[in-house]
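Trainee: Below is the structure I would like to discuss, written out as C-alpha cells.
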Amino acid sequence: MTARDRVLDAYESLLIEVGPAAATLDAVSSSAGVSKGGLLYHFPSKEALVTGLLERLRRRGLEDAARMREAEDGAVATWLRGSAPPLESTSGLSRTYVAALRIAGGDEASELARAVFAEIDEGWFAALRDELGDPARARLVQLVGDGLYLAAVTGAEDAGPVPVDDLLAALAPVLGRSTPSSPDVSDRD
C-alpha cells in the first residue's frame, strides 16, 4: 500500500469515527503513520485531501458501475446485494462513500461532493437502466437499493431485514422478469 493510500485510508477512518472537525492534517498524518511533510507531499492542503478523497470515491463508484454491468447475475441483483453490506465489515467504496458523506456538508467541499455523488449515481442508474430497458423501473430498483444501504448504515436493518433473494422475487413481476435474477430477453432492446 502506498503512503498516499495510507493517508486516504486514515482520513476516511477519522471522518467516520470522529468527524470532519477532528480529521486535521496532524491527526491524519499520525493515524497514517507518515510525517506531516509526507502527507503534504501528496496533499499540500486540507482542500487537496478532500479532493483526493472525492477522486477516490469517483473512481471506486465508476468501477462499481462497470462491475454491475459485467456481473454474471446482472446489474439489478448485484446492485441490491451490494446495497446491504454491514458497514463494520466493509471497506473500499462503502467506507469512502460514508466518509464523503461526512464532508459533504462542508462549505468548500459540498459542491464538489454533490457533483461526485451525482456522477456515480448516474453510473449506477445507467447500468440498471441498460439492463432493464426502462428508466422508471431502474429508478425503482435504485431506490430500493438506496433504502437497503441507508438501513445498513443506520443499523435499521436490525428491525427485520429481508433477504435480497426475496426482494428480487418480489420485484420480478414489476421488473418484467421471468426469474428474479435474470433479465427477460423480451424486455430488452
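Within each chain, counting starts at residue 1; across the C-alpha cells, chains are named A, B, ... in the order shown, with ligands numbered 1 upward in that order.
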Sorted by chain and rising residue number, which residues of region 26-80 of chain A lie within 8 Å of region 96-118 of chain A, and what are their closest atom pairs and distances in Å to one decimal, counting only C-alpha atoms, as a tab-separated table?

Mentor:
```
residue	atom	partner	partner_atom	distance
A:Glu47	CA	A:Ala109	CA	7.8
A:Val50	CA	A:Ala109	CA	7.0
A:Thr51	CA	A:Ala109	CA	7.9
A:Leu53	CA	A:Ala100	CA	7.2
A:Leu54	CA	A:Ala113	CA	6.5
A:Glu55	CA	A:Val116	CA	8.0
A:Arg56	CA	A:Thr96	CA	7.5
A:Leu57	CA	A:Thr96	CA	5.8
A:Arg58	CA	A:Val116	CA	5.9
```

Trainee: Compile the contact shell of region 141-145 of chain A as a ChimeraX atom specification: residues with an atom at most 10 Å away, counting only C-alpha atoms, same-chain residues fewer than 5 positions apart removed.

Mentor: /A:76-84,121,124-125,128-129,132,135-136,150-151,164,167-168,171,174-175

Trainee: Would you list the contacts of Ser35 (chain A) as number ranges by chain, taking every protein, DNA or RNA residue within 12 Å and counting only C-alpha atoms, but skipping same-chain residues closer than 6 positions in sequence?

Mentor: A: 3-4, 6-7, 25-29, 41-42

Trainee: If you count only C-alpha atoms, which residues fall within 10 Å of Ala126 (chain A), apart from same-chain ones fewer than 4 positions away, as an MDAnalysis selection string?

Mentor: chainID A and resid 65 69 75 120:122 130:133 135 138:139

Trainee: Check the DSSP output for the backbone and give back, as number ranges by chain, the residues of region 47-181 of chain A in helix (DSSP H, G or I).

Mentor: A: 47-70, 74-82, 87-89, 93-103, 107-132, 135-154, 156-159, 164-175

Trainee: Give the answer as one residue: which of A:Pro20, A:Gly38, A:Asp73, A:Leu15 has the shortest atom-to-atom distance to Thr2 (chain A), using only C-alpha atoms?

Mentor: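 Counting only C-alpha atoms, the residue closest to Thr2 (chain A) is A:Gly38.
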
Trainee: Can you tell me how far CA of Gly61 (chain A) sits from CA of Ala10 (chain A), in Å to one decimal?

Mentor: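 Computing it gives 19.5 Å between the two atoms.
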
Trainee: Counting only C-alpha atoms, figure out which residue out of A:Glu119, A:Gly52, A:Ser45, A:Ala32 gets nearest to Met1 (chain A).

Mentor: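 Checking each of A:Glu119, A:Gly52, A:Ser45, A:Ala32 against Met1 (chain A), counting only C-alpha atoms, the winner is A:Ala32.
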
Trainee: Which residue is closest to Gly123 (chain A)? Choose from A:Leu148, A:Ala71, A:Leu49, A:Ala66 and count only C-alpha atoms.

Mentor: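 Using only C-alpha atoms, Gly123 (chain A) sits closest to A:Ala66.
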